[in-house]
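Enquirer: Let me give you the structure first, and then I'll get to my questions.
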Amino acid sequence: MSQSLPSVRAPAVAGMFYPGESRELAQALSGLLGAAAHDAPERAVPKAIIAPHAGYVYSGPVAASVYTLLAPARRSIKRVVLLGPTHRVAVRGLALPGCGAFATPLGTVEIDADAVEALHGMTQVVVSAEAHALEHSLEVHLPFLQTAIEKFKLVPLAVGHCGAEEVAAVLDALWGGPETLIVVSSDLSHYLSYADAQAVDRATAKAILGLAADISHEQACGATPVMGLTCVARRRGMKPELIDLRNSGDTAGDKNRVVGYGSFAFYEAASDAR
């Protein structure tokens, strides 16, 4: 790793997308996850999830609805592979940050050096500190993960211009067992009217549940990592489930121009009894 790269990636959107003070952030997460747990039926622990990445006041309840499912595995999950789209810096492939840890107001999360080494030689994986420096799509998930999971190492991948199969190959390389959780960060439709967004997002949710390979970036800003996950899910016989589907008009915004949010859980096929 180049010495010019920072050893810790500092938070870029603390105090904007989510509270910047540790106690206030912990209280906000406790409230979001507590409300979601109260409303959630009992489910199995997912292997992979899709969750939104807007400010917590907008998408936090939708993200919490799927993060609360991790509670039974809070001590057994040891590695999180986190993929999100790039919004500010264009990059070819899937970008690692080239640092040793990510920081949030709740503390630091160590990068999984063994997992990074496992990706060495994959031509679609690059290193770009710039792609990560101001990117919110990964950062906003970290406080949720720090609250839902006791201790874990992180593999943060900012997904730029690449194909779904390239993402799928990276996921396969890092799949592991129950100690590894896959998190895909994506919002859904952007800046439609409330009714139009509901219709578009319902169609997108149906496509994700059908493990579609043709989801557009107008349907989901994280379409590339989403389709990478659906590609792997098809091959592995996974069962997807819609956990929550709302938009900013349902949470904290007006209904003239809304952003859609969905949370999904993906469960591995049960092993054949022997």
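Chain labels follow the order of the structure tokens: the first chain is A, the next B, and so on; residue numbering restarts at 1 in every chain, and ligands are counted from 1 in their shown order.
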For the interface of region 8-96 of chain A with region 199-217 of chain A (cut-off 12 Å, counting only C-alpha atoms), please tabulate each contacting residue of region 8-96 of chain A alongside its nearest pair of atoms and their separation in Å to one decimal, rows sorted by chain and increasing number, as a tab-separated table.
Expert:
residue	atom	partner	partner_atom	distance
A:Ile49	CA	A:Ile208	CA	11.6
A:Ile50	CA	A:Ile208	CA	9.9
A:Pro85	CA	A:His217	CA	10.1
A:Thr86	CA	A:His217	CA	12.0
A:His87	CA	A:His217	CA	12.0
Enquirer: Kindly export the residues of the current selection with N, CA and C atoms, as a CSV table (one decimal), in the first residue's frame.
Expert:
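Saved result, out.csv, follows:
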chain,number,residue,atom,x,y,z
A,49,ILE,N,-27.9,-8.8,2.0
A,49,ILE,CA,-29.0,-7.8,2.1
A,49,ILE,C,-28.7,-6.7,1.1
A,50,ILE,N,-29.8,-6.1,0.7
A,50,ILE,CA,-29.8,-4.8,0.0
A,50,ILE,C,-30.5,-3.8,0.9
A,85,PRO,N,-22.5,2.0,-5.0
A,85,PRO,CA,-22.2,2.8,-6.2
A,85,PRO,C,-21.4,4.0,-6.0
A,86,THR,N,-20.6,4.4,-6.9
A,86,THR,CA,-19.8,5.7,-6.8
A,86,THR,C,-20.8,6.8,-7.3
A,87,HIS,N,-20.8,7.9,-6.5
A,87,HIS,CA,-21.6,9.1,-6.9
A,87,HIS,C,-20.7,10.3,-7.3
Enquirer: Could you list, as a PDB file with N, CA and C atoms, in the first residue's frame, every residue within 10 Å of Pro105 (chain A), counting only C-alpha atoms and ignoring same-chain residues fewer than 4 positions away?
Expert:
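That gives us out_35.pdb:
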ATOM      1  N   ALA A  10     -11.493   8.720   6.947  1.00  0.00           N
ATOM      2  CA  ALA A  10     -12.302   9.501   7.876  1.00  0.00           C
ATOM      3  C   ALA A  10     -13.732   9.623   7.369  1.00  0.00           C
ATOM      4  N   PRO A  11     -14.705   9.757   8.273  1.00  0.00           N
ATOM      5  CA  PRO A  11     -16.089   9.945   7.832  1.00  0.00           C
ATOM      6  C   PRO A  11     -16.251  11.239   7.047  1.00  0.00           C
ATOM      7  N   ALA A  14     -20.722  12.371   8.209  1.00  0.00           N
ATOM      8  CA  ALA A  14     -21.199  12.439   9.590  1.00  0.00           C
ATOM      9  C   ALA A  14     -21.633  13.868   9.884  1.00  0.00           C
ATOM     10  N   GLY A  15     -22.768  14.012  10.552  1.00  0.00           N
ATOM     11  CA  GLY A  15     -23.309  15.335  10.812  1.00  0.00           C
ATOM     12  C   GLY A  15     -24.184  15.861   9.688  1.00  0.00           C
ATOM     13  N   TYR A  18     -26.154  11.507   8.814  1.00  0.00           N
ATOM     14  CA  TYR A  18     -26.468  10.876  10.101  1.00  0.00           C
ATOM     15  C   TYR A  18     -25.789  11.689  11.191  1.00  0.00           C
ATOM     16  N   PRO A  19     -26.199  11.543  12.448  1.00  0.00           N
ATOM     17  CA  PRO A  19     -25.622  12.358  13.517  1.00  0.00           C
ATOM     18  C   PRO A  19     -24.111  12.202  13.612  1.00  0.00           C
ATOM     19  N   GLY A  20     -23.429  13.318  13.842  1.00  0.00           N
ATOM     20  CA  GLY A  20     -21.980  13.303  13.902  1.00  0.00           C
ATOM     21  C   GLY A  20     -21.411  13.089  15.284  1.00  0.00           C
ATOM     22  N   GLU A  21     -22.257  13.121  16.301  1.00  0.00           N
ATOM     23  CA  GLU A  21     -21.808  12.915  17.680  1.00  0.00           C
ATOM     24  C   GLU A  21     -22.153  11.501  18.099  1.00  0.00           C
ATOM     25  N   SER A  22     -21.234  10.810  18.739  1.00  0.00           N
ATOM     26  CA  SER A  22     -21.380   9.371  18.975  1.00  0.00           C
ATOM     27  C   SER A  22     -22.615   9.022  19.794  1.00  0.00           C
ATOM     28  N   ARG A  23     -22.882   9.761  20.857  1.00  0.00           N
ATOM     29  CA  ARG A  23     -24.039   9.430  21.695  1.00  0.00           C
ATOM     30  C   ARG A  23     -25.345   9.640  20.940  1.00  0.00           C
ATOM     31  N   GLU A  24     -25.439  10.755  20.220  1.00  0.00           N
ATOM     32  CA  GLU A  24     -26.654  11.028  19.440  1.00  0.00           C
ATOM     33  C   GLU A  24     -26.848   9.982  18.350  1.00  0.00           C
ATOM     34  N   LEU A  25     -25.737   9.572  17.711  1.00  0.00           N
ATOM     35  CA  LEU A  25     -25.816   8.552  16.669  1.00  0.00           C
ATOM     36  C   LEU A  25     -26.261   7.219  17.256  1.00  0.00           C
ATOM     37  N   ALA A  26     -25.695   6.832  18.377  1.00  0.00           N
ATOM     38  CA  ALA A  26     -26.079   5.572  19.018  1.00  0.00           C
ATOM     39  C   ALA A  26     -27.549   5.580  19.398  1.00  0.00           C
ATOM     40  N   LEU A 142     -22.094   1.883   7.760  1.00  0.00           N
ATOM     41  CA  LEU A 142     -21.165   1.445   8.801  1.00  0.00           C
ATOM     42  C   LEU A 142     -21.737   1.585  10.213  1.00  0.00           C
ATOM     43  N   PRO A 143     -22.364   2.716  10.581  1.00  0.00           N
ATOM     44  CA  PRO A 143     -22.927   2.782  11.928  1.00  0.00           C
ATOM     45  C   PRO A 143     -24.007   1.719  12.174  1.00  0.00           C
TER      46      PRO A 143
END
Enquirer: Kindly give the distance, in Å, that separates CA of Ile182 (chain A) and CA of Ala129 (chain A), rounded to a single decimal.
Expert: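 Between CA of Ile182 (chain A) and CA of Ala129 (chain A) the gap is 21.5 Å.
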Enquirer: With only C-alpha atoms as the basis for distance, which of A:Ala95, A:Val226, A:Ala133, A:Val126 is at the shortest distance from Asp187 (chain A)?
Expert: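 Checking each candidate against Asp187 (chain A), we get A:Val226 as the closest.
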Enquirer: Could you state the separation of CA of Arg43 (chain A) and CA of Gly262 (chain A) in Å, given to one decimal place?
Expert: 17.6 Å
Enquirer: May I ask which of the residues A:Val125, A:Cys221, A:Val13, A:Leu229 is the closest one to Gly260 (chain A), counting only C-alpha atoms?
Expert: A:Cys221
Enquirer: Closest to Val57 (chain A) among A:Ala164, A:Ala252, A:Cys99, A:Val127, using only C-alpha atoms?
Expert: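 Answer, going by the shortest atom-to-atom distance: A:Ala252.
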Enquirer: Compile a residue-level contact table for region 135-199 of chain A against region 107-124 of chain A at a cut-off of 9 Å, reporting for every qualifying residue the shortest atom pair and its distance in Å to one decimal, with only C-alpha atoms counted, rows ordered by chain and ascending number, as a tab-separated table.
Expert:
residue	atom	partner	partner_atom	distance
A:Leu142	CA	A:Val109	CA	8.3
A:Pro143	CA	A:Gly107	CA	8.9
A:Gln146	CA	A:Val109	CA	8.1
A:Lys151	CA	A:Val109	CA	8.4
A:Phe152	CA	A:Val109	CA	7.3
A:Lys153	CA	A:Asp112	CA	5.1
A:Leu154	CA	A:Ile111	CA	4.7
A:Val155	CA	A:Asp112	CA	5.9
A:Pro156	CA	A:Ile111	CA	7.8
A:Cys162	CA	A:Gln124	CA	7.5
A:Glu166	CA	A:Gln124	CA	6.6
A:Val167	CA	A:Gln124	CA	8.3
A:Ala169	CA	A:Met122	CA	8.9
A:Val170	CA	A:Leu119	CA	7.2
A:Ala173	CA	A:Ala118	CA	7.2
A:Leu174	CA	A:Ala115	CA	6.8
Enquirer: Could you save those same residues with C-alpha atoms as a compact mmCIF listing (two decimals), in the first residue's frame?
Expert:
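Result file is result-v1.txt:
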# COMPACT_ATOMS: atom_id res chain seq x y z
CA LEU A 142 -21.16 1.44 8.80
CA PRO A 143 -22.93 2.78 11.93
CA GLN A 146 -21.30 -1.36 14.06
CA LYS A 151 -17.09 -7.11 15.91
CA PHE A 152 -16.24 -7.51 12.25
CA LYS A 153 -13.71 -6.69 9.56
CA LEU A 154 -14.72 -4.83 6.41
CA VAL A 155 -14.23 -5.25 2.68
CA PRO A 156 -15.45 -1.93 1.19
CA CYS A 162 -18.15 -2.70 -14.72
CA GLU A 166 -17.42 -8.90 -12.72
CA VAL A 167 -19.18 -8.04 -9.45
CA ALA A 169 -16.92 -12.99 -9.50
CA VAL A 170 -15.76 -10.81 -6.60
CA ALA A 173 -14.31 -15.05 -4.23
CA LEU A 174 -15.35 -13.60 -0.86
Enquirer: Running DSSP on the backbone, which parts of region 105-143 of chain A land in alpha helix (DSSP H), as a list in words?
Expert: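 Here are the alpha helix (DSSP H) residues of region 105-143 of chain A: Ala113, Asp114, Ala115, Val116, Glu117, Ala118, Ala129, Glu130, Ala131, His132, Ala133, His136, Ser137, Leu138, Glu139, His141, Leu142 and Pro143 of chain A.
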Enquirer: Just want the 12 Å neighbourhood of His38 (chain A), counted on only C-alpha atoms, with same-chain residues fewer than 5 positions away dropped. Output as a short mmCIF file (atom, residue, chain, number, x, y, z; two decimals) with N, CA and C atoms, in the first residue's frame.
Expert:
data_model
loop_
_atom_site.label_atom_id
_atom_site.label_comp_id
_atom_site.auth_asym_id
_atom_site.auth_seq_id
_atom_site.Cartn_x
_atom_site.Cartn_y
_atom_site.Cartn_z
N SER A 30 -30.38 3.09 17.91
CA SER A 30 -31.16 2.30 18.85
C SER A 30 -32.65 2.47 18.59
N GLY A 31 -33.05 3.72 18.32
CA GLY A 31 -34.46 3.97 18.03
C GLY A 31 -34.92 3.34 16.73
N LEU A 32 -34.10 3.48 15.68
CA LEU A 32 -34.46 2.92 14.38
C LEU A 32 -34.53 1.40 14.43
N LEU A 33 -33.51 0.77 15.01
CA LEU A 33 -33.47 -0.70 15.06
C LEU A 33 -34.51 -1.24 16.03
N ALA A 64 -33.12 0.00 8.59
CA ALA A 64 -33.22 -0.69 9.89
C ALA A 64 -34.06 -1.94 9.79
N SER A 65 -35.05 -1.95 8.90
CA SER A 65 -35.95 -3.10 8.78
C SER A 65 -35.22 -4.37 8.38
N THR A 68 -32.14 -5.25 11.33
CA THR A 68 -32.60 -5.90 12.56
C THR A 68 -32.62 -7.42 12.43
N LEU A 69 -32.64 -7.92 11.20
CA LEU A 69 -32.63 -9.38 10.99
C LEU A 69 -31.30 -10.01 11.36
#
Enquirer: Could you pull out the strand (DSSP E or B) residues of region 5-143 of chain A from DSSP and send them as a ChimeraX atom specification?
Expert: /A:8-9,14,18,48-51,79-85,92,94-96,101-104,107-111,125-127
